[in-house]
>>> print(open('input_26.tsv').read())   # TSV, C-alpha atoms
chain	number	residue	atom	x	y	z
M	1	MET	CA	-11.24	-13.43	-34.57
M	2	THR	CA	-9.48	-10.95	-32.30
M	3	GLN	CA	-11.33	-10.17	-29.07
M	4	PHE	CA	-10.55	-7.75	-26.26
M	5	TYR	CA	-11.07	-8.58	-22.60
M	6	ARG	CA	-10.79	-5.65	-20.25
M	7	ALA	CA	-10.63	-5.46	-16.46
M	8	LEU	CA	-10.82	-2.41	-14.20
M	9	VAL	CA	-9.70	-2.62	-10.58
M	10	ARG	CA	-9.17	-0.16	-7.76
M	11	ALA	CA	-6.80	-1.07	-4.95
M	12	PRO	CA	-6.06	1.02	-1.86
M	13	ALA	CA	-2.88	2.23	-0.26
M	14	ASN	CA	-2.09	1.08	3.26
M	15	ILE	CA	-0.26	2.64	6.17
M	16	ALA	CA	1.92	0.41	8.34
M	17	LEU	CA	2.06	1.26	12.02
M	18	ILE	CA	4.80	-1.31	12.52
M	19	LYS	CA	7.08	-1.20	9.48
M	20	TYR	CA	9.01	-3.88	7.75
M	21	MET	CA	12.63	-2.85	7.34
M	22	GLY	CA	15.14	-5.08	5.63
M	23	LYS	CA	14.45	-8.10	3.43
M	24	ASP	CA	15.01	-11.73	4.25
M	25	ASP	CA	14.79	-12.55	0.53
M	26	ALA	CA	15.12	-9.61	-1.86
M	27	LEU	CA	13.96	-11.62	-4.89
M	28	LEU	CA	10.68	-12.65	-3.27
M	29	ASN	CA	10.37	-9.48	-1.12
M	30	LEU	CA	10.16	-11.48	2.09
M	31	PRO	CA	10.48	-9.23	5.15
M	32	LEU	CA	12.91	-9.60	8.00
M	33	ASN	CA	10.17	-8.71	10.48
M	34	ALA	CA	6.40	-8.83	10.62
M	35	SER	CA	4.44	-5.65	9.99
M	36	LEU	CA	0.99	-4.38	10.93
M	37	SER	CA	-1.00	-1.98	8.80
M	38	LEU	CA	-4.31	-0.24	8.21
M	39	THR	CA	-5.83	-0.55	4.75
M	40	LEU	CA	-7.21	2.70	3.34
M	41	ASP	CA	-10.09	3.24	0.92
M	42	THR	CA	-10.23	6.08	-1.64
M	43	LEU	CA	-6.49	6.79	-1.58
M	44	CYS	CA	-6.02	4.20	-4.26
M	45	THR	CA	-4.80	3.19	-7.70
M	46	VAL	CA	-7.14	2.37	-10.57
M	47	ALA	CA	-5.68	-0.07	-13.08
M	48	GLU	CA	-7.11	-1.01	-16.45
M	49	VAL	CA	-5.69	-4.08	-18.17
M	50	GLU	CA	-6.77	-5.15	-21.65
M	51	VAL	CA	-5.95	-8.51	-23.19
M	52	GLU	CA	-6.07	-8.88	-26.97
M	53	THR	CA	-6.62	-12.47	-28.01
M	54	GLU	CA	-5.25	-13.89	-31.24
M	55	THR	CA	-2.41	-11.36	-31.05
M	56	LEU	CA	0.71	-12.72	-29.43
M	57	GLY	CA	3.09	-11.22	-26.95
M	58	GLY	CA	4.00	-7.71	-25.98
M	59	ILE	CA	3.03	-5.66	-22.93
M	60	THR	CA	2.56	-1.90	-23.29
M	61	TRP	CA	1.91	0.83	-20.75
M	62	ILE	CA	-0.43	3.50	-22.12
M	63	PRO	CA	0.12	6.85	-20.33
M	64	GLU	CA	-3.58	7.70	-20.29
M	65	LEU	CA	-6.28	7.65	-17.63
M	66	PRO	CA	-8.08	4.34	-17.23
M	67	ARG	CA	-11.37	4.35	-19.10
M	68	ILE	CA	-13.70	4.52	-16.12
M	69	GLU	CA	-17.01	6.30	-15.74
M	70	ASN	CA	-18.88	7.73	-12.74
M	71	SER	CA	-16.32	6.57	-10.19
M	72	GLY	CA	-16.21	9.85	-8.32
M	73	LEU	CA	-12.43	9.52	-8.10
M	74	GLN	CA	-10.04	12.34	-9.03
M	75	LEU	CA	-7.33	10.47	-10.92
M	76	GLU	CA	-3.81	11.46	-11.88
M	77	ILE	CA	-1.54	9.62	-14.33
M	78	PRO	CA	1.70	8.62	-12.55
M	79	ARG	CA	5.05	9.84	-13.81
M	80	LEU	CA	6.63	6.46	-14.50
M	81	THR	CA	10.30	6.22	-15.39
M	82	ASP	CA	11.55	3.72	-17.95
M	83	ALA	CA	12.74	1.57	-15.05
M	84	GLY	CA	9.32	1.81	-13.41
M	85	ILE	CA	7.56	0.77	-16.61
M	86	ALA	CA	9.96	-2.14	-17.08
M	87	ARG	CA	9.35	-3.25	-13.48
M	88	MET	CA	5.59	-3.29	-14.02
M	89	ILE	CA	5.88	-5.13	-17.35
M	90	HIS	CA	8.05	-7.77	-15.70
M	91	HIS	CA	5.43	-8.14	-13.00
M	92	ILE	CA	2.59	-8.58	-15.50
M	93	GLU	CA	4.61	-11.36	-17.11
M	94	ARG	CA	4.91	-12.95	-13.67
M	95	VAL	CA	1.16	-12.69	-13.12
M	96	TYR	CA	0.48	-14.21	-16.54
M	97	ARG	CA	2.61	-17.26	-15.77
M	98	ALA	CA	0.90	-17.81	-12.43
M	99	ILE	CA	-2.67	-17.31	-13.67
M	100	GLN	CA	-2.01	-19.49	-16.71
M	101	GLU	CA	-1.00	-22.30	-14.37
M	102	ILE	CA	-3.91	-21.83	-11.93
M	103	PHE	CA	-6.66	-21.61	-14.58
M	104	LYS	CA	-4.99	-23.70	-17.31
M	105	LEU	CA	-5.12	-20.87	-19.82
M	106	PRO	CA	-3.87	-21.32	-23.37
M	107	SER	CA	-0.38	-20.19	-24.29
M	108	PRO	CA	1.57	-18.30	-25.54
M	109	MET	CA	0.99	-14.95	-23.86
M	110	PRO	CA	-1.47	-12.61	-25.63
M	111	ARG	CA	-0.90	-8.92	-26.21
M	112	ILE	CA	-1.55	-6.89	-23.04
M	113	THR	CA	-1.92	-3.14	-22.52
M	114	PHE	CA	-2.37	-1.40	-19.19
M	115	ARG	CA	-3.20	2.04	-17.80
M	116	THR	CA	-2.87	3.20	-14.20
M	117	ALA	CA	-3.79	6.32	-12.26
M	118	ASN	CA	-3.68	7.34	-8.61
M	119	THR	CA	-5.88	9.50	-6.42
M	120	PHE	CA	-2.81	10.83	-4.60
M	121	PRO	CA	0.75	11.95	-5.42
M	122	MET	CA	3.07	9.04	-6.13
M	123	SER	CA	6.58	8.63	-4.67
M	124	SER	CA	5.70	10.77	-1.67
M	125	GLY	CA	5.44	8.18	1.08
M	126	ILE	CA	1.78	7.18	0.66
M	127	ALA	CA	2.51	3.66	-0.60
M	128	SER	CA	1.78	4.27	-4.27
M	129	SER	CA	3.73	1.16	-5.25
M	130	ALA	CA	1.59	-0.90	-2.87
M	131	SER	CA	-1.70	0.21	-4.38
M	132	SER	CA	-0.34	0.13	-7.95
M	133	PHE	CA	0.97	-3.42	-7.83
M	134	ALA	CA	-2.12	-4.66	-6.00
M	135	ALA	CA	-4.39	-3.09	-8.63
M	136	VAL	CA	-2.36	-4.30	-11.60
M	137	THR	CA	-2.05	-7.82	-10.17
M	138	LEU	CA	-5.80	-8.26	-9.73
M	139	ALA	CA	-6.72	-6.50	-13.00
M	140	THR	CA	-4.26	-8.62	-14.98
M	141	ALA	CA	-5.54	-11.83	-13.43
M	142	GLU	CA	-9.15	-10.89	-14.11
M	143	ALA	CA	-8.53	-9.77	-17.71
M	144	LEU	CA	-6.53	-12.89	-18.54
M	145	CYS	CA	-9.33	-15.17	-17.40
M	146	GLY	CA	-11.73	-13.60	-19.90
M	147	PRO	CA	-15.26	-15.01	-20.26
M	148	GLN	CA	-14.16	-18.64	-20.41
M	149	SER	CA	-12.83	-18.69	-16.83
M	150	HIS	CA	-14.42	-15.55	-15.40
M	151	THR	CA	-17.03	-17.31	-13.28
M	152	ARG	CA	-14.36	-19.47	-11.69
M	153	PHE	CA	-12.22	-16.39	-11.12
M	154	GLU	CA	-15.04	-14.39	-9.52
M	155	ASN	CA	-16.00	-17.28	-7.25
M	156	ALA	CA	-12.41	-17.79	-6.15
M	157	TRP	CA	-11.87	-14.07	-5.50
M	158	SER	CA	-15.09	-13.58	-3.55
M	159	THR	CA	-15.21	-16.80	-1.52
M	160	ASP	CA	-11.73	-18.31	-1.24
M	161	PHE	CA	-9.37	-16.39	1.02
M	162	GLU	CA	-6.55	-18.78	0.14
M	163	PHE	CA	-6.86	-17.62	-3.49
M	164	LYS	CA	-6.75	-14.00	-2.32
M	165	LYS	CA	-3.63	-14.80	-0.31
M	166	ALA	CA	-2.07	-16.40	-3.40
M	167	LEU	CA	-2.67	-13.21	-5.39
M	168	ALA	CA	-1.26	-11.18	-2.49
M	169	ARG	CA	1.90	-13.33	-2.52
M	170	LEU	CA	2.15	-12.77	-6.26
M	171	SER	CA	1.71	-9.02	-5.87
M	172	ARG	CA	4.30	-8.98	-3.07
M	173	GLN	CA	6.97	-10.08	-5.54
M	174	GLY	CA	6.42	-6.82	-7.42
M	175	SER	CA	6.16	-4.60	-4.33
M	176	GLY	CA	6.49	-6.04	-0.86
M	177	SER	CA	3.92	-3.92	0.96
M	178	SER	CA	1.32	-4.38	-1.79
M	179	CYS	CA	0.28	-7.71	-0.23
M	180	ARG	CA	-1.16	-5.78	2.73
M	181	SER	CA	-3.60	-3.98	0.40
M	182	PHE	CA	-5.45	-7.22	-0.39
M	183	THR	CA	-7.60	-7.24	2.74
M	184	GLY	CA	-8.42	-5.02	5.67
M	185	PRO	CA	-8.91	-2.92	7.55
M	186	TRP	CA	-6.21	-4.23	9.92
M	187	VAL	CA	-3.62	-6.55	8.41
M	188	LEU	CA	-0.67	-8.57	9.66
M	189	TRP	CA	2.05	-9.51	7.18
M	190	ALA	CA	4.48	-12.13	8.45
M	191	THR	CA	6.92	-14.05	6.23
M	192	GLU	CA	4.97	-15.00	3.08
M	193	ASP	CA	1.36	-14.37	3.99
M	194	ILE	CA	-1.13	-11.76	5.11
M	195	SER	CA	-3.96	-12.21	7.59
M	196	PRO	CA	-6.73	-9.84	8.73
M	197	LEU	CA	-6.68	-8.87	12.40
M	198	GLN	CA	-9.58	-8.55	14.81
M	199	SER	CA	-10.12	-5.09	16.25
M	200	LYS	CA	-12.40	-3.53	18.83
M	201	LEU	CA	-11.31	-0.04	17.86
M	202	PRO	CA	-13.92	2.28	16.38
M	203	PRO	CA	-13.65	3.22	12.68
M	204	LEU	CA	-10.71	5.55	12.06
M	205	SER	CA	-9.98	8.32	9.58
M	206	ASP	CA	-6.48	8.92	8.24
M	207	LEU	CA	-5.63	12.61	7.95
M	208	ILE	CA	-2.44	12.99	5.93
M	209	VAL	CA	-0.68	16.32	6.25
M	210	LEU	CA	0.83	16.68	2.80
M	211	ILE	CA	4.22	18.30	3.28
M	212	SER	CA	5.89	17.10	0.09
M	213	SER	CA	4.68	15.61	-3.20
M	214	GLU	CA	8.19	15.30	-4.60
M	215	SER	CA	9.82	12.00	-5.47
M	216	LYS	CA	11.63	10.38	-2.56
M	217	PRO	CA	15.37	11.14	-2.38
M	218	VAL	CA	16.11	7.49	-1.56
M	219	SER	CA	13.92	4.67	-2.88
M	220	SER	CA	12.37	2.22	-0.46
M	221	SER	CA	14.50	-0.60	-1.91
M	222	MET	CA	17.68	1.36	-1.27
M	223	ALA	CA	16.51	2.22	2.23
M	224	HIS	CA	16.01	-1.47	3.06
M	225	GLU	CA	19.70	-2.03	2.31
M	226	GLN	CA	21.14	1.09	3.91
M	227	VAL	CA	19.43	0.69	7.29
M	228	ARG	CA	21.54	-2.41	7.91
M	229	THR	CA	24.55	-0.15	8.39
M	230	SER	CA	22.95	1.81	11.25
M	231	PRO	CA	24.25	1.18	14.79
M	232	LEU	CA	20.56	0.91	15.74
M	233	TRP	CA	20.08	-2.08	13.44
M	234	ASN	CA	21.16	-4.59	16.07
M	235	GLY	CA	17.98	-5.87	17.73
M	236	ARG	CA	15.67	-4.12	15.25
M	237	LYS	CA	13.85	-7.33	14.28
M	238	GLU	CA	13.18	-8.29	17.89
M	239	ARG	CA	11.92	-4.80	18.80
M	240	ALA	CA	9.62	-4.68	15.77
M	241	GLU	CA	8.21	-8.14	16.47
M	242	GLU	CA	7.53	-7.15	20.08
M	243	ARG	CA	5.66	-4.06	18.87
M	244	VAL	CA	3.59	-6.20	16.50
M	245	ARG	CA	2.56	-8.42	19.42
M	246	GLY	CA	1.72	-5.40	21.54
M	247	ALA	CA	-0.23	-3.72	18.73
M	248	THR	CA	-2.17	-6.91	17.98
M	249	THR	CA	-3.23	-7.13	21.62
M	250	ALA	CA	-4.16	-3.45	21.66
M	251	LEU	CA	-6.41	-3.97	18.63
M	252	LYS	CA	-8.13	-7.00	20.18
M	253	THR	CA	-8.82	-5.11	23.41
M	254	GLY	CA	-9.61	-1.76	21.78
M	255	ASN	CA	-6.78	-0.03	23.64
M	256	LEU	CA	-6.25	3.09	21.53
M	257	ARG	CA	-3.78	4.66	23.96
M	258	THR	CA	-1.40	1.67	23.85
M	259	LEU	CA	-1.59	1.42	20.06
M	260	SER	CA	-0.92	5.14	19.79
M	261	GLN	CA	2.24	4.90	21.91
M	262	ILE	CA	3.52	1.84	20.04
M	263	ALA	CA	3.08	3.55	16.65
M	264	TRP	CA	4.79	6.72	17.95
M	265	ASN	CA	7.82	4.77	19.17
M	266	GLU	CA	7.98	2.86	15.89
M	267	LEU	CA	7.97	5.92	13.62
M	268	TRP	CA	10.85	7.47	15.52
M	269	GLU	CA	12.89	4.28	15.43
M	270	MET	CA	12.34	3.67	11.72
M	271	HIS	CA	13.39	7.14	10.71
M	272	SER	CA	16.29	7.05	13.16
M	273	LEU	CA	17.61	4.09	11.16
M	274	PHE	CA	17.69	6.35	8.09
M	275	HIS	CA	19.34	9.17	10.02
M	276	THR	CA	22.11	7.00	11.49
M	277	CYS	CA	23.13	4.64	8.67
M	278	ALA	CA	26.62	4.77	7.14
M	279	GLU	CA	25.45	7.33	4.58
M	280	PRO	CA	22.75	9.16	6.55
M	281	PHE	CA	19.69	10.48	4.74
M	282	THR	CA	16.30	11.84	5.71
M	283	TYR	CA	12.84	11.99	4.24
M	284	TRP	CA	11.81	14.70	6.69
M	285	GLU	CA	11.31	18.34	5.90
M	286	PRO	CA	11.38	21.06	8.57
M	287	GLU	CA	7.59	21.06	8.70
M	288	THR	CA	7.54	17.31	9.28
M	289	ILE	CA	9.29	17.95	12.58
M	290	ALA	CA	6.97	20.91	13.30
M	291	VAL	CA	3.90	18.70	12.88
M	292	LEU	CA	5.34	15.96	15.11
M	293	LYS	CA	6.22	18.47	17.84
M	294	TRP	CA	2.73	19.98	17.62
M	295	LEU	CA	1.11	16.55	17.99
M	296	LYS	CA	3.04	15.44	21.08
M	297	PRO	CA	0.74	17.06	23.71
M	298	PHE	CA	-2.33	15.38	22.22
M	299	PHE	CA	-1.07	12.01	23.41
M	300	GLN	CA	-2.41	12.93	26.86
M	301	ASN	CA	-5.97	13.07	25.52
M	302	ALA	CA	-8.52	10.41	26.38
M	303	SER	CA	-8.64	9.56	22.67
M	304	PRO	CA	-5.08	10.16	21.41
M	305	PRO	CA	-4.15	10.17	17.73
M	306	ILE	CA	-2.18	7.37	16.11
M	307	VAL	CA	0.69	8.98	14.24
M	308	SER	CA	2.81	7.34	11.56
M	309	LEU	CA	5.04	8.11	8.59
M	310	ASP	CA	6.00	5.96	5.66
M	311	ALA	CA	9.26	6.60	3.79
M	312	GLY	CA	8.38	10.21	3.10
M	313	ALA	CA	7.81	13.60	4.68
M	314	ASN	CA	4.04	13.39	5.06
M	315	VAL	CA	2.46	12.76	8.46
M	316	HIS	CA	-0.42	10.31	8.89
M	317	ILE	CA	-2.73	11.21	11.79
M	318	LEU	CA	-5.24	8.44	12.51
M	319	VAL	CA	-8.17	9.58	14.63
M	320	GLU	CA	-11.61	8.28	15.50
M	321	LYS	CA	-13.86	8.97	12.52
M	322	THR	CA	-16.32	10.85	14.70
M	323	GLN	CA	-13.54	13.30	15.63
M	324	ALA	CA	-12.14	13.81	12.13
M	325	GLU	CA	-13.84	17.17	11.49
M	326	ALA	CA	-12.56	18.61	14.77
M	327	TRP	CA	-9.05	17.42	13.91
M	328	LEU	CA	-9.22	18.95	10.45
M	329	GLU	CA	-10.08	22.29	12.03
M	330	ARG	CA	-7.13	22.01	14.41
M	331	ILE	CA	-4.74	21.21	11.57
M	332	GLU	CA	-6.09	24.05	9.44
M	333	GLN	CA	-5.60	26.53	12.28
M	334	ARG	CA	-2.02	25.42	12.99
M	335	PHE	CA	-0.87	24.68	9.42
M	336	PRO	CA	-3.13	26.79	7.19
M	337	ASN	CA	-0.98	26.37	4.08
M	338	ARG	CA	-0.91	22.59	4.13
M	339	LYS	CA	-3.26	20.37	2.17
M	340	VAL	CA	-4.69	17.45	4.13
M	341	LEU	CA	-5.74	14.23	2.43
M	342	VAL	CA	-8.56	12.43	4.21
M	343	ASP	CA	-9.45	8.76	3.98
M	344	ASP	CA	-11.19	6.03	5.96
M	345	ASN	CA	-10.75	2.32	6.65
M	346	GLY	CA	-10.90	0.05	3.62
M	347	SER	CA	-11.23	-3.65	2.95
M	348	GLY	CA	-9.01	-4.23	-0.09
M	349	PRO	CA	-9.25	-4.20	-3.92
M	350	GLN	CA	-12.53	-3.94	-5.79
M	351	SER	CA	-13.32	-4.90	-9.36
M	352	LEU	CA	-14.88	-2.05	-11.37
M	353	THR	CA	-15.15	-4.05	-14.58
M	354	PRO	CA	-18.43	-3.32	-16.39
M	355	ARG	CA	-20.65	-6.40	-16.55
>>> encode(input="input_26.tsv", output="C-alpha cells")
Amino acid sequence: MTQFYRALVRAPANIALIKYMGKDDALLNLPLNASLSLTLDTLCTVAEVEVETETLGGITWIPELPRIENSGLQLEIPRLTDAGIARMIHHIERVYRAIQEIFKLPSPMPRITFRTANTFPMSSGIASSASSFAAVTLATAEALCGPQSHTRFENAWSTDFEFKKALARLSRQGSGSSCRSFTGPWVLWATEDISPLQSKLPPLSDLIVLISSESKPVSSSMAHEQVRTSPLWNGRKERAEERVRGATTALKTGNLRTLSQIAWNELWEMHSLFHTCAEPFTYWEPETIAVLKWLKPFFQNASPPIVSLDAGANVHILVEKTQAEAWLERIEQRFPNRKVLVDDNGSGPQSLTPR
C-alpha cells in the first residue's frame, strides 16, 4: 500500500566574514581557502520533501509554498530556472544514494516531491543557495528514513556531530557555502569539514541594507573562476588564511574591534578581485558605495560594526544586539528609502516535521 512520508525543515542563511574564493575541487566544491562565517536564524529556507513509497523513481519540484502552519515566517516561492531545478533534483539523487547507504534503505529510489520557500529575496547576495541546499539536504534525509529508521535518524542528528558533519559535506556538493549553515553561530569551514568556533563576543544582530533584490549579474560559480584572472589573485589564499587565524583569535578573546577591521579589509579585497579580473564586473550599486562610505567613521566607536558583503549589492552590518534599535534608527535617518532586513545569531537547521 502506498504511503507518504513528509519532512519539513528550516535552514538559515549564513554570512561569511572571511570568504572562500576559488575552488580546489569544483566537483566536490572544496575551497581553496578556509572561511569563517556567522550563521543567521530567521533569514532561512523552508523545505518540504515528500517520499511516496511503492511508487518508483522521479523527483518533482512543486512551485508551491511548503505546507507549514503557525511558523510565523513570511515565505516566498523562489523563481527557479530550469537549470536551478535540475541542479536541485541532481542533489536530491545524491542525498538518496548517501542516505540509502548509511541507513541501509531499500532500493530502488521512491518517488520524491519537494517544495521550497525563502524568507528573503533569492539571488541577491544573502546566500539563498546555502540555506536552500542545507534545508533540502536535511529534509530529504529525514523523509527518506520514514518511520522505520526515524528514531535512528533523530538520534544521529541530535547527538552525533560527526553525522551532522557528514550531512554538511553532502550538502556542500550541491552548494559549497551551505555546509556552514549546519551549525553555529560562528563556523569555520576548512577543506572538507565545518567546525563551530568559540566566541566571547556578545550576541549580534545582522542588519542588511537591501539595495537590490535582482538576480546577480554573475553567478557565484562564474565568479570563482573569473577571480583567478585578477592581478590581485597572487597571494589571495595566504592573505585569507591569515585573516581566518586573526578572526578566530578575535572571537576567542572577544575583540570586536579587531574582528571589525579584518572583515572590512576582507570585503574590499574580495570585491576588488571582481573589479580587476580579465573581464571586470561588479555587484555594487551606487548606493552600496554610499552605505560603505557612511559607515567608515563608525569604526572609531568603542563598539564598531562588523561590515560584510556577499556576492551582491546588499550591505550586512553586524552590531551588538543591544544596539540594534539605535542602529536601525541611524540607517532609517540616512537611507530612508531602503528596507532593512534584521536577523540574529542562529545555530543551524531545525526540523519542523509534525510528530
>>> residues_around(input="input_26.tsv", residues="Ile77 (chain M)", least_positions_apart="5", cutoff="12 Å", atoms="all atoms listed in the file", output="ChimeraX atom specification")
/M:45-47,61-66,115-122,128,132
>>> residues_around(input="input_26.tsv", residues="Arg180 (chain M)", least_positions_apart="2", cutoff="9 Å", atoms="only C-alpha atoms", output="ChimeraX atom specification")
/M:13-14,16,36-39,130,134,168,172,176-178,182-184,186-189,194-195,348
>>> closest_residue(input="input_26.tsv", among="M:Leu273, M:Ala326, M:Val307, M:Ile85", to="Thr288 (chain M)", atoms="all atoms listed in the file")
M:Val307
>>> closest_atom_pairs(input="input_26.tsv", of="region 24-119 of chain M", to="region 138-144 of chain M", cutoff="8 Å", atoms="all atoms listed in the file", output="Markdown table")
| residue | atom | partner | partner_atom | distance |
| --- | --- | --- | --- | --- |
| M:Ala47 | CA | M:Ala139 | CA | 6.5 |
| M:Glu48 | CA | M:Ala139 | CA | 6.5 |
| M:Val49 | CA | M:Thr140 | CA | 5.7 |
| M:Glu50 | CA | M:Ala143 | CA | 6.3 |
| M:Val51 | CA | M:Ala143 | CA | 6.2 |
| M:Ile92 | CA | M:Thr140 | CA | 6.9 |
| M:Val95 | CA | M:Ala141 | CA | 6.8 |
| M:Tyr96 | CA | M:Ala141 | CA | 7.2 |
| M:Ile99 | CA | M:Ala141 | CA | 6.2 |
>>> atom_distance(input="input_26.tsv", atom1="CA of Ile289 (chain M)", atom2="CA of Pro231 (chain M)")
22.6 Å
>>> decode(input="input_26.tsv", residues="region 283-332 of chain M", atoms="C-alpha atoms", output="PDB file, in the first residue's frame")
ATOM      1  CA  TYR M 283      27.853  43.527  -7.843  1.00  0.00           C
ATOM      2  CA  TRP M 284      27.829  47.016  -6.349  1.00  0.00           C
ATOM      3  CA  GLU M 285      25.255  49.692  -6.984  1.00  0.00           C
ATOM      4  CA  PRO M 286      25.930  53.392  -6.343  1.00  0.00           C
ATOM      5  CA  GLU M 287      24.144  53.147  -3.004  1.00  0.00           C
ATOM      6  CA  THR M 288      26.345  50.233  -1.964  1.00  0.00           C
ATOM      7  CA  ILE M 289      29.291  52.609  -2.081  1.00  0.00           C
ATOM      8  CA  ALA M 290      27.252  55.317  -0.310  1.00  0.00           C
ATOM      9  CA  VAL M 291      26.486  52.965   2.586  1.00  0.00           C
ATOM     10  CA  LEU M 292      30.130  51.876   2.893  1.00  0.00           C
ATOM     11  CA  LYS M 293      31.340  55.491   2.911  1.00  0.00           C
ATOM     12  CA  TRP M 294      28.729  56.391   5.531  1.00  0.00           C
ATOM     13  CA  LEU M 295      29.842  53.515   7.770  1.00  0.00           C
ATOM     14  CA  LYS M 296      33.566  54.298   7.746  1.00  0.00           C
ATOM     15  CA  PRO M 297      33.556  56.842  10.636  1.00  0.00           C
ATOM     16  CA  PHE M 298      31.763  54.395  12.930  1.00  0.00           C
ATOM     17  CA  PHE M 299      34.872  52.215  13.043  1.00  0.00           C
ATOM     18  CA  GLN M 300      36.270  54.660  15.619  1.00  0.00           C
ATOM     19  CA  ASN M 301      33.461  53.809  18.052  1.00  0.00           C
ATOM     20  CA  ALA M 302      34.104  51.764  21.173  1.00  0.00           C
ATOM     21  CA  SER M 303      31.757  49.127  19.732  1.00  0.00           C
ATOM     22  CA  PRO M 304      32.319  49.293  15.951  1.00  0.00           C
ATOM     23  CA  PRO M 305      30.108  47.491  13.440  1.00  0.00           C
ATOM     24  CA  ILE M 306      31.254  44.425  11.537  1.00  0.00           C
ATOM     25  CA  VAL M 307      30.540  45.084   7.869  1.00  0.00           C
ATOM     26  CA  SER M 308      30.432  42.483   5.116  1.00  0.00           C
ATOM     27  CA  LEU M 309      29.014  41.797   1.667  1.00  0.00           C
ATOM     28  CA  ASP M 310      28.399  38.541  -0.100  1.00  0.00           C
ATOM     29  CA  ALA M 311      28.346  38.401  -3.906  1.00  0.00           C
ATOM     30  CA  GLY M 312      25.681  41.067  -4.161  1.00  0.00           C
ATOM     31  CA  ALA M 313      24.913  44.728  -3.601  1.00  0.00           C
ATOM     32  CA  ASN M 314      23.429  44.433  -0.117  1.00  0.00           C
ATOM     33  CA  VAL M 315      25.409  45.508   2.937  1.00  0.00           C
ATOM     34  CA  HIS M 316      25.471  43.399   6.107  1.00  0.00           C
ATOM     35  CA  ILE M 317      26.006  45.461   9.265  1.00  0.00           C
ATOM     36  CA  LEU M 318      26.614  43.259  12.309  1.00  0.00           C
ATOM     37  CA  VAL M 319      26.152  45.077  15.605  1.00  0.00           C
ATOM     38  CA  GLU M 320      25.708  44.133  19.230  1.00  0.00           C
ATOM     39  CA  LYS M 321      22.106  43.026  19.670  1.00  0.00           C
ATOM     40  CA  THR M 322      21.572  45.545  22.446  1.00  0.00           C
ATOM     41  CA  GLN M 323      22.444  48.341  19.999  1.00  0.00           C
ATOM     42  CA  ALA M 324      20.353  47.099  17.062  1.00  0.00           C
ATOM     43  CA  GLU M 325      17.435  49.513  17.586  1.00  0.00           C
ATOM     44  CA  ALA M 326      19.756  52.523  17.712  1.00  0.00           C
ATOM     45  CA  TRP M 327      21.442  51.347  14.512  1.00  0.00           C
ATOM     46  CA  LEU M 328      18.113  50.876  12.765  1.00  0.00           C
ATOM     47  CA  GLU M 329      17.230  54.476  13.592  1.00  0.00           C
ATOM     48  CA  ARG M 330      20.554  55.689  12.188  1.00  0.00           C
ATOM     49  CA  ILE M 331      20.065  53.748   8.964  1.00  0.00           C
ATOM     50  CA  GLU M 332      16.487  54.977   8.602  1.00  0.00           C
TER      51      GLU M 332
END
